[in-house]
>>> print(open('final.txt').read())   # compact mmCIF, C-alpha atoms and all ligand atoms
# COMPACT_ATOMS: atom_id res chain seq x y z
CA MET A 17 56.43 -4.36 -31.85
CA ILE A 18 55.17 -4.44 -28.31
CA TYR A 19 51.52 -5.07 -27.42
CA VAL A 20 49.70 -2.99 -24.82
CA SER A 21 48.94 -6.32 -23.09
CA ASP A 22 52.73 -6.92 -22.77
CA LEU A 23 53.00 -3.63 -20.86
CA MET A 24 50.17 -4.71 -18.56
CA ASN A 25 51.85 -8.05 -17.93
CA TYR A 26 55.13 -6.31 -17.11
CA LEU A 27 53.44 -4.01 -14.61
CA LYS A 28 51.76 -6.97 -12.94
CA CYS A 29 55.04 -8.87 -12.73
CA PRO A 30 58.05 -8.39 -15.04
CA ARG A 31 58.64 -12.14 -15.07
CA LEU A 32 55.07 -12.81 -16.11
CA CYS A 33 55.80 -10.71 -19.17
CA TYR A 34 58.89 -12.85 -19.81
CA PHE A 35 56.97 -16.15 -19.62
CA ARG A 36 53.94 -14.94 -21.57
CA SER A 37 56.20 -13.80 -24.39
CA LYS A 38 57.61 -17.35 -24.59
CA PHE A 39 54.53 -19.53 -23.97
CA SER A 40 50.88 -19.14 -24.90
CA SER A 41 48.51 -18.84 -21.97
CA LYS A 42 45.02 -20.23 -21.34
CA LEU A 43 42.00 -17.98 -21.84
CA ASN A 44 40.90 -16.68 -18.45
CA GLU A 45 38.01 -14.93 -16.74
CA ALA A 46 39.16 -11.53 -18.02
CA ASN A 47 38.77 -12.80 -21.60
CA ALA A 48 35.28 -14.11 -20.81
CA VAL A 49 34.29 -10.79 -19.20
CA LYS A 50 35.39 -8.94 -22.30
CA GLU A 51 33.24 -11.17 -24.54
CA ILE A 52 30.23 -10.57 -22.27
CA TYR A 53 30.73 -6.81 -22.24
CA LEU A 54 31.23 -6.52 -26.00
CA SER A 55 28.26 -8.75 -26.83
CA LEU A 56 25.87 -6.82 -24.55
CA ARG A 57 27.10 -3.42 -25.77
CA LYS A 58 26.58 -4.51 -29.36
CA GLY A 59 23.00 -5.60 -28.59
CA TYR A 60 23.56 -9.36 -28.41
CA ASP A 61 22.80 -11.64 -25.47
CA LEU A 62 24.82 -13.78 -23.08
CA GLU A 63 24.48 -16.88 -25.27
CA TRP A 64 26.16 -14.98 -28.07
CA ALA A 65 28.96 -14.04 -25.69
CA ARG A 66 29.29 -17.69 -24.66
CA SER A 67 29.60 -18.79 -28.30
CA ARG A 68 32.25 -16.16 -28.94
CA PHE A 69 34.26 -17.22 -25.91
CA LEU A 70 34.03 -20.97 -26.63
CA GLU A 71 34.99 -20.50 -30.27
CA LEU A 72 37.97 -18.48 -29.14
CA GLY A 73 39.15 -21.52 -27.16
CA GLY A 74 37.70 -20.80 -23.70
CA ASP A 75 35.84 -23.27 -21.51
CA GLU A 76 32.28 -23.33 -20.12
CA GLU A 77 33.33 -23.21 -16.47
CA THR A 78 35.40 -20.05 -16.87
CA PHE A 79 32.57 -18.40 -18.80
CA ASN A 80 29.98 -19.28 -16.13
CA VAL A 81 32.14 -17.83 -13.35
CA ALA A 82 32.60 -14.59 -15.32
CA LYS A 83 28.86 -14.45 -16.08
CA SER A 84 27.92 -14.86 -12.40
CA LYS A 85 30.12 -11.90 -11.43
CA PHE A 86 29.46 -9.56 -14.35
CA LYS A 87 27.44 -6.38 -13.76
CA PHE A 88 26.07 -4.17 -16.51
CA SER A 89 25.71 -0.61 -15.21
CA GLN A 90 23.09 1.87 -16.40
CA ASP A 91 25.88 4.50 -16.31
CA LEU A 92 27.16 3.00 -19.55
CA LYS A 93 24.18 4.57 -21.35
CA GLU A 94 26.02 7.90 -21.00
CA LEU A 95 28.74 6.56 -23.27
CA LYS A 96 27.78 6.22 -26.92
CA PRO A 97 29.83 3.52 -28.67
CA ILE A 98 31.71 4.68 -31.75
CA ASP A 99 33.52 1.44 -32.46
CA TRP A 100 34.67 -1.76 -30.76
CA GLU A 101 37.84 -3.87 -30.79
CA VAL A 102 39.75 -1.18 -32.64
CA LYS A 103 43.14 -2.39 -33.87
CA LEU A 104 45.77 0.30 -33.45
CA GLU A 105 49.43 0.24 -34.34
CA SER A 106 52.22 2.80 -34.29
CA GLU A 107 55.67 2.38 -35.82
CA ARG A 108 56.69 5.62 -34.14
CA TYR A 109 55.87 4.40 -30.64
CA ARG A 110 56.76 0.74 -31.40
CA LEU A 111 53.41 -0.20 -29.95
CA ARG A 112 50.20 -1.95 -30.97
CA GLY A 113 47.00 -3.01 -29.29
CA ILE A 114 43.29 -3.65 -29.58
CA LEU A 115 41.17 -1.00 -27.91
CA ASP A 116 38.06 -2.47 -26.26
CA GLU A 117 35.78 0.40 -27.16
CA LEU A 118 35.94 3.93 -28.53
CA VAL A 119 33.14 6.06 -27.08
CA ASP A 120 31.55 9.47 -27.30
CA PHE A 121 30.70 11.14 -23.97
CA LYS A 122 28.27 14.06 -24.10
CA GLY A 123 29.44 15.06 -27.56
CA LEU A 124 33.07 15.37 -26.54
CA LYS A 125 35.87 14.02 -28.73
CA PRO A 126 36.34 10.23 -28.84
CA LEU A 127 37.40 8.67 -25.56
CA VAL A 128 38.91 5.27 -24.96
CA LEU A 129 37.26 2.70 -22.75
CA SER A 130 39.16 -0.11 -21.11
CA LEU A 131 37.66 -3.06 -19.26
CA ARG A 132 38.66 -4.56 -15.93
CA GLY A 133 37.38 -7.68 -14.30
CA GLY A 134 39.14 -7.84 -10.97
CA LYS A 135 40.29 -5.33 -8.41
CA ASP A 136 41.06 -1.70 -8.99
CA VAL A 137 44.70 -1.26 -10.08
CA ARG A 138 44.86 2.45 -10.78
CA PHE A 139 48.41 2.87 -12.00
CA ARG A 140 48.17 -0.02 -14.45
CA GLU A 141 44.89 1.30 -15.82
CA LYS A 142 46.36 4.79 -16.22
CA ILE A 143 49.21 3.36 -18.29
CA LYS A 144 46.77 1.36 -20.39
CA ILE A 145 44.75 4.50 -21.15
CA ALA A 146 48.00 6.41 -21.87
CA SER A 147 49.08 3.66 -24.31
CA PHE A 148 45.88 3.93 -26.30
CA CYS A 149 46.04 7.72 -26.24
CA LEU A 150 49.52 7.46 -27.78
CA LEU A 151 48.27 5.05 -30.43
CA LEU A 152 45.37 7.36 -31.29
CA ARG A 153 47.68 10.37 -31.34
CA ASP A 154 49.71 8.65 -34.05
CA ARG A 155 46.49 8.54 -36.11
CA GLY A 156 46.02 12.26 -35.62
CA VAL A 157 43.41 11.95 -32.83
CA GLU A 158 44.42 13.91 -29.74
CA VAL A 159 42.88 12.24 -26.66
CA ASN A 160 44.10 12.61 -23.09
CA GLU A 161 41.49 10.74 -21.13
CA GLY A 162 39.37 7.67 -21.07
CA PHE A 163 37.16 5.47 -18.94
CA VAL A 164 37.78 2.24 -17.11
CA TYR A 165 34.73 0.02 -16.61
CA TYR A 166 34.96 -2.35 -13.66
CA CYS A 167 32.85 -5.25 -14.84
CA TYR A 168 32.49 -6.92 -11.42
CA ASP A 169 31.09 -3.98 -9.49
CA GLY A 170 29.63 -2.01 -12.39
CA SER A 171 31.57 1.16 -11.67
CA LEU A 172 32.84 3.50 -14.32
CA ARG A 173 35.87 5.69 -13.68
CA ARG A 174 37.12 8.59 -15.78
CA VAL A 175 40.92 8.66 -16.06
CA GLY A 176 43.02 11.55 -17.33
CA VAL A 177 46.58 11.10 -18.57
CA GLY A 178 49.38 13.53 -19.36
CA GLY A 179 53.01 13.72 -20.45
CA LYS A 180 54.21 11.90 -17.34
CA GLU A 181 52.13 8.81 -18.08
CA ARG A 182 52.98 8.88 -21.79
CA TYR A 183 56.69 9.16 -20.95
CA TYR A 184 56.44 6.24 -18.51
CA THR A 185 54.65 4.20 -21.18
CA LEU A 186 57.55 4.70 -23.59
CA LYS A 187 60.03 3.69 -20.90
CA LEU A 188 58.00 0.55 -20.36
CA VAL A 189 58.14 -0.20 -24.09
CA GLU A 190 61.94 -0.19 -23.79
CA LYS A 191 61.85 -2.54 -20.79
CA VAL A 192 59.51 -4.99 -22.50
CA GLU A 193 61.62 -4.95 -25.67
CA ARG A 194 64.58 -6.01 -23.55
CA VAL A 195 62.55 -8.87 -22.04
CA LYS A 196 61.42 -9.98 -25.51
CA LYS A 197 65.06 -10.19 -26.55
CA GLY A 198 65.59 -12.77 -23.76
CA PHE A 199 66.51 -10.72 -20.70
CA LEU A 200 65.21 -12.36 -17.51
CA PRO A 201 63.71 -9.59 -15.35
CA GLU A 202 63.25 -9.50 -11.59
CA LYS A 203 60.19 -11.03 -9.91
CA GLY A 204 57.26 -8.76 -9.16
CA LYS A 205 55.97 -8.08 -5.68
CA VAL A 206 52.99 -10.35 -6.20
CA ASN A 207 51.40 -13.45 -4.77
CA CYS A 208 52.87 -16.23 -6.92
CA ASN A 209 50.66 -19.05 -5.63
CA LEU A 210 48.10 -18.81 -8.45
CA CYS A 211 50.64 -18.17 -11.21
CA GLU A 212 50.65 -20.73 -14.04
CA TYR A 213 54.44 -20.24 -14.43
CA LYS A 214 55.34 -20.72 -10.76
CA GLU A 215 57.40 -23.87 -11.33
CA ALA A 216 59.25 -22.54 -14.36
CA CYS A 217 59.87 -19.27 -12.54
CA GLU A 218 61.34 -20.93 -9.46
CA SER A 219 63.64 -23.04 -11.64
CA LYS A 220 65.13 -19.84 -13.07
CA GLY A 221 66.30 -18.65 -9.66
CA SER A 222 66.87 -15.00 -8.78
CA THR A 223 68.33 -12.32 -10.96
CA PHE A 224 71.61 -10.58 -10.16
CA PHE A 225 69.66 -7.52 -9.06
CA GLU A 226 67.50 -9.52 -6.67
CA ARG A 227 70.56 -11.15 -5.11
CA PHE A 228 72.88 -8.18 -4.92
CA GLY A 229 70.90 -5.07 -5.83
CA LYS A 230 69.75 -4.29 -2.31
CA LYS A 231 73.11 -5.06 -0.75
CA PHE A 232 74.98 -2.71 -3.06
CA LYS A 233 72.03 -0.30 -3.46
CA LEU A 234 72.06 -0.70 -7.28
S1 LIG B 301 55.71 -17.07 -10.20
FE1 LIG B 301 55.52 -15.05 -9.31
S2 LIG B 301 57.41 -13.96 -9.91
FE2 LIG B 301 57.22 -15.77 -11.22
S3 LIG B 301 56.14 -15.06 -13.04
FE3 LIG B 301 54.59 -15.85 -11.67
S4 LIG B 301 53.90 -14.07 -10.52
FE4 LIG B 301 55.85 -13.52 -11.44
>>> encode(input="final.txt", output="structure tokens")
Amino acid sequence: MIYVSDLMNYLKCPRLCYFRSKFSSKLNEANAVKEIYLSLRKGYDLEWARSRFLELGGDEETFNVAKSKFKFSQDLKELKPIDWEVKLESERYRLRGILDELVDFKGLKPLVLSLRGGKDVRFREKIKIASFCLLLRDRGVEVNEGFVYYCYDGSLRRVGVGGKERYYTLKLVEKVERVKKGFLPEKGKVNCNLCEYKEACESKGSTFFERFGKKFKL
């Protein structure tokens, strides 16, 4: 089965998805931000969040950087938590993931909430919300929207999804399955300088598509 996080990796850079499916990666700022958010929403303090992150395998420095950037917005009071870290899995959609938070907004049906640390990447976030909507749908819960909380500027954005996004999500599942079977995908259009797999990636060279795709308009 494919994780929602695999889909996010693929959208960031298909090769990143390839390497992360082969090697484990270090806990990063995004993981620390999630621990801070969840601890505060559950009524605990930052020291609790630190303990959670360190026990998970993270380091103090990463936690302190995340803590210095994190913002807790008063807008979150509008969203009543229903549950946190909800494990969802669907044989039908060949997908699984852990939803950060399930919330109630003004008495409406449950909505999904996804967290972001860094910059606003709308398309990726839309696909993430669509993935969780699919997973909930398989449990008989029809949801077509959610929220993204940007932990570094404290903004909350409502995101609607439809058939187009759900269809694209399923196509992505197929692409990631191919990568997990060993297919080396093309490089993403990203800045590779900070990538932990830069050396391994360069040693793999370019794919056939990258070398000839443009020339022959494949
Ligand atoms: S080095 Fe660049 S192309 Fe390779 S996996 Fe990392 S981000 Fe992707």
>>> closest_residue(input="final.txt", among="A:Tyr166, A:Phe69, A:Phe199, A:Phe148", to="Tyr19 of chain A", atoms="all atoms listed in the file")
A:Phe148
>>> residues_near_ligand(input="final.txt", ligand="ligand LIG 301 (chain B)", cutoff="6 Å", atoms="only C-alpha atoms and all ligand atoms", output="list in words")
Cys29, Arg31, Leu32, Lys203, Gly204, Val206, Cys208, Cys211, Tyr213, Lys214 and Cys217 of chain A
>>> atom_distance(input="final.txt", atom1="atom CA of Tyr168 of chain A", atom2="atom CA of Arg66 of chain A")
17.4 Å
>>> atom_distance(input="final.txt", atom1="atom CA of Leu70 of chain A", atom2="atom CA of Arg57 of chain A")
18.9 Å
>>> closest_residue(input="final.txt", among="A:Glu71, A:Asp22, A:Glu51, A:Glu215", to="Gly133 of chain A", atoms="only C-alpha atoms")
A:Glu51
>>> closest_residue(input="final.txt", among="A:Glu202, A:Glu76, A:Glu141, A:Glu117", to="Ser55 of chain A", atoms="all atoms listed in the file")
A:Glu117
>>> residues_near_point(input="final.txt", point="(46.8, 10.0, -33.3)", cutoff="12 Å", atoms="all atoms listed in the file", output="PyMOL selection string")
chain A and resi 104-109+126+147-160
>>> residues_around(input="final.txt", residues="segment 169-180 of chain A", least_positions_apart="5", cutoff="8 Å", atoms="all atoms listed in the file", output="list in words")
Phe86, Lys87, Phe88, Ser89, Asp91, Leu92, Lys142, Ile145, Ala146, Asn160, Glu161, Gly162, Phe163 and Val164 of chain A
>>> write_last_selection(input="final.txt", atoms="C-alpha atoms", output="PDB file, in the coordinates of the input")
ATOM      1  CA  PHE A  86      29.460  -9.560 -14.350  1.00  0.00           C
ATOM      2  CA  LYS A  87      27.440  -6.380 -13.760  1.00  0.00           C
ATOM      3  CA  PHE A  88      26.070  -4.170 -16.510  1.00  0.00           C
ATOM      4  CA  SER A  89      25.710  -0.610 -15.210  1.00  0.00           C
ATOM      5  CA  ASP A  91      25.880   4.500 -16.310  1.00  0.00           C
ATOM      6  CA  LEU A  92      27.160   3.000 -19.550  1.00  0.00           C
ATOM      7  CA  LYS A 142      46.360   4.790 -16.220  1.00  0.00           C
ATOM      8  CA  ILE A 145      44.750   4.500 -21.150  1.00  0.00           C
ATOM      9  CA  ALA A 146      48.000   6.410 -21.870  1.00  0.00           C
ATOM     10  CA  ASN A 160      44.100  12.610 -23.090  1.00  0.00           C
ATOM     11  CA  GLU A 161      41.490  10.740 -21.130  1.00  0.00           C
ATOM     12  CA  GLY A 162      39.370   7.670 -21.070  1.00  0.00           C
ATOM     13  CA  PHE A 163      37.160   5.470 -18.940  1.00  0.00           C
ATOM     14  CA  VAL A 164      37.780   2.240 -17.110  1.00  0.00           C
TER      15      VAL A 164
END
>>> residues_near_point(input="final.txt", point="(51.9, -15.7, -22.4)", cutoff="12 Å", atoms="all atoms listed in the file", output="PyMOL selection string")
chain A and resi 19+21-22+24-26+31-44+196+211-213
>>> atom_distance(input="final.txt", atom1="atom CA of Leu118 of chain A", atom2="atom CA of Val102 of chain A")
7.6 Å
>>> closest_residue(input="final.txt", among="A:Arg182, A:Lys205, A:Lys103, A:Lys50", to="Lys28 of chain A", atoms="only C-alpha atoms")
A:Lys205
>>> residues_around(input="final.txt", residues="Leu188 of chain A", least_positions_apart="4", cutoff="9 Å", atoms="only C-alpha atoms", output="JSON, numbers by chain")
{"A": [23, 26, 27, 183, 184, 192, 193]}
>>> closest_residue(input="final.txt", among="A:Arg110, A:Lys187, A:Lys85, A:Lys96", to="Lys58 of chain A", atoms="all atoms listed in the file")
A:Lys96
>>> residues_around(input="final.txt", residues="segment 120-125 of chain A", least_positions_apart="4", cutoff="7 Å", atoms="all atoms listed in the file", output="list in words")
Glu94, Leu95, Lys96, Pro97 and Ile98 of chain A
>>> decode(input="final.txt", residues="segment 149-172 of chain A", atoms="N, CA and C atoms", output="compact mmCIF listing (two decimals), in the first residue's frame")
# COMPACT_ATOMS: atom_id res chain seq x y z
N CYS A 149 -9.69 12.67 2.05
CA CYS A 149 -11.14 12.58 1.74
C CYS A 149 -11.46 11.21 1.16
N LEU A 150 -10.58 10.70 0.30
CA LEU A 150 -10.79 9.36 -0.26
C LEU A 150 -10.78 8.31 0.85
N LEU A 151 -9.80 8.43 1.75
CA LEU A 151 -9.69 7.45 2.83
C LEU A 151 -10.92 7.48 3.74
N LEU A 152 -11.43 8.69 3.99
CA LEU A 152 -12.63 8.79 4.82
C LEU A 152 -13.85 8.26 4.09
N ARG A 153 -13.89 8.52 2.79
CA ARG A 153 -15.01 8.04 1.97
C ARG A 153 -15.13 6.52 2.07
N ASP A 154 -13.96 5.85 2.09
CA ASP A 154 -13.97 4.39 2.19
C ASP A 154 -14.49 3.91 3.55
N ARG A 155 -14.56 4.83 4.52
CA ARG A 155 -15.14 4.49 5.82
C ARG A 155 -16.58 4.98 5.91
N GLY A 156 -17.10 5.41 4.77
CA GLY A 156 -18.50 5.85 4.74
C GLY A 156 -18.69 7.29 5.14
N VAL A 157 -17.62 8.08 5.26
CA VAL A 157 -17.74 9.49 5.63
C VAL A 157 -17.46 10.33 4.39
N GLU A 158 -18.48 11.03 3.91
CA GLU A 158 -18.33 11.82 2.68
C GLU A 158 -17.86 13.23 3.04
N VAL A 159 -16.60 13.53 2.73
CA VAL A 159 -16.03 14.85 3.02
C VAL A 159 -15.35 15.34 1.75
N ASN A 160 -15.57 16.61 1.40
CA ASN A 160 -14.94 17.14 0.20
C ASN A 160 -14.18 18.43 0.46
N GLU A 161 -13.84 18.64 1.70
CA GLU A 161 -13.02 19.82 2.00
C GLU A 161 -12.28 19.64 3.30
N GLY A 162 -11.34 20.53 3.50
CA GLY A 162 -10.54 20.46 4.72
C GLY A 162 -9.82 21.77 4.94
N PHE A 163 -8.96 21.79 5.93
CA PHE A 163 -8.19 22.99 6.23
C PHE A 163 -6.70 22.66 6.18
N VAL A 164 -5.93 23.65 5.80
CA VAL A 164 -4.47 23.53 5.92
C VAL A 164 -4.06 24.61 6.92
N TYR A 165 -3.31 24.23 7.94
CA TYR A 165 -2.81 25.21 8.90
C TYR A 165 -1.32 25.42 8.65
N TYR A 166 -0.98 26.67 8.35
CA TYR A 166 0.43 27.02 8.09
C TYR A 166 1.05 27.44 9.42
N CYS A 167 1.84 26.52 9.97
CA CYS A 167 2.33 26.69 11.33
C CYS A 167 3.33 27.83 11.49
N TYR A 168 3.94 28.29 10.41
CA TYR A 168 4.95 29.35 10.56
C TYR A 168 4.38 30.75 10.43
N ASP A 169 3.21 30.89 9.78
CA ASP A 169 2.64 32.24 9.79
C ASP A 169 1.27 32.27 10.46
N GLY A 170 0.84 31.12 10.96
CA GLY A 170 -0.42 31.07 11.71
C GLY A 170 -1.66 31.25 10.86
N SER A 171 -1.56 31.00 9.56
CA SER A 171 -2.76 31.17 8.73
C SER A 171 -3.45 29.83 8.50
N LEU A 172 -4.75 29.96 8.36
CA LEU A 172 -5.59 28.77 8.19
C LEU A 172 -6.31 28.92 6.86
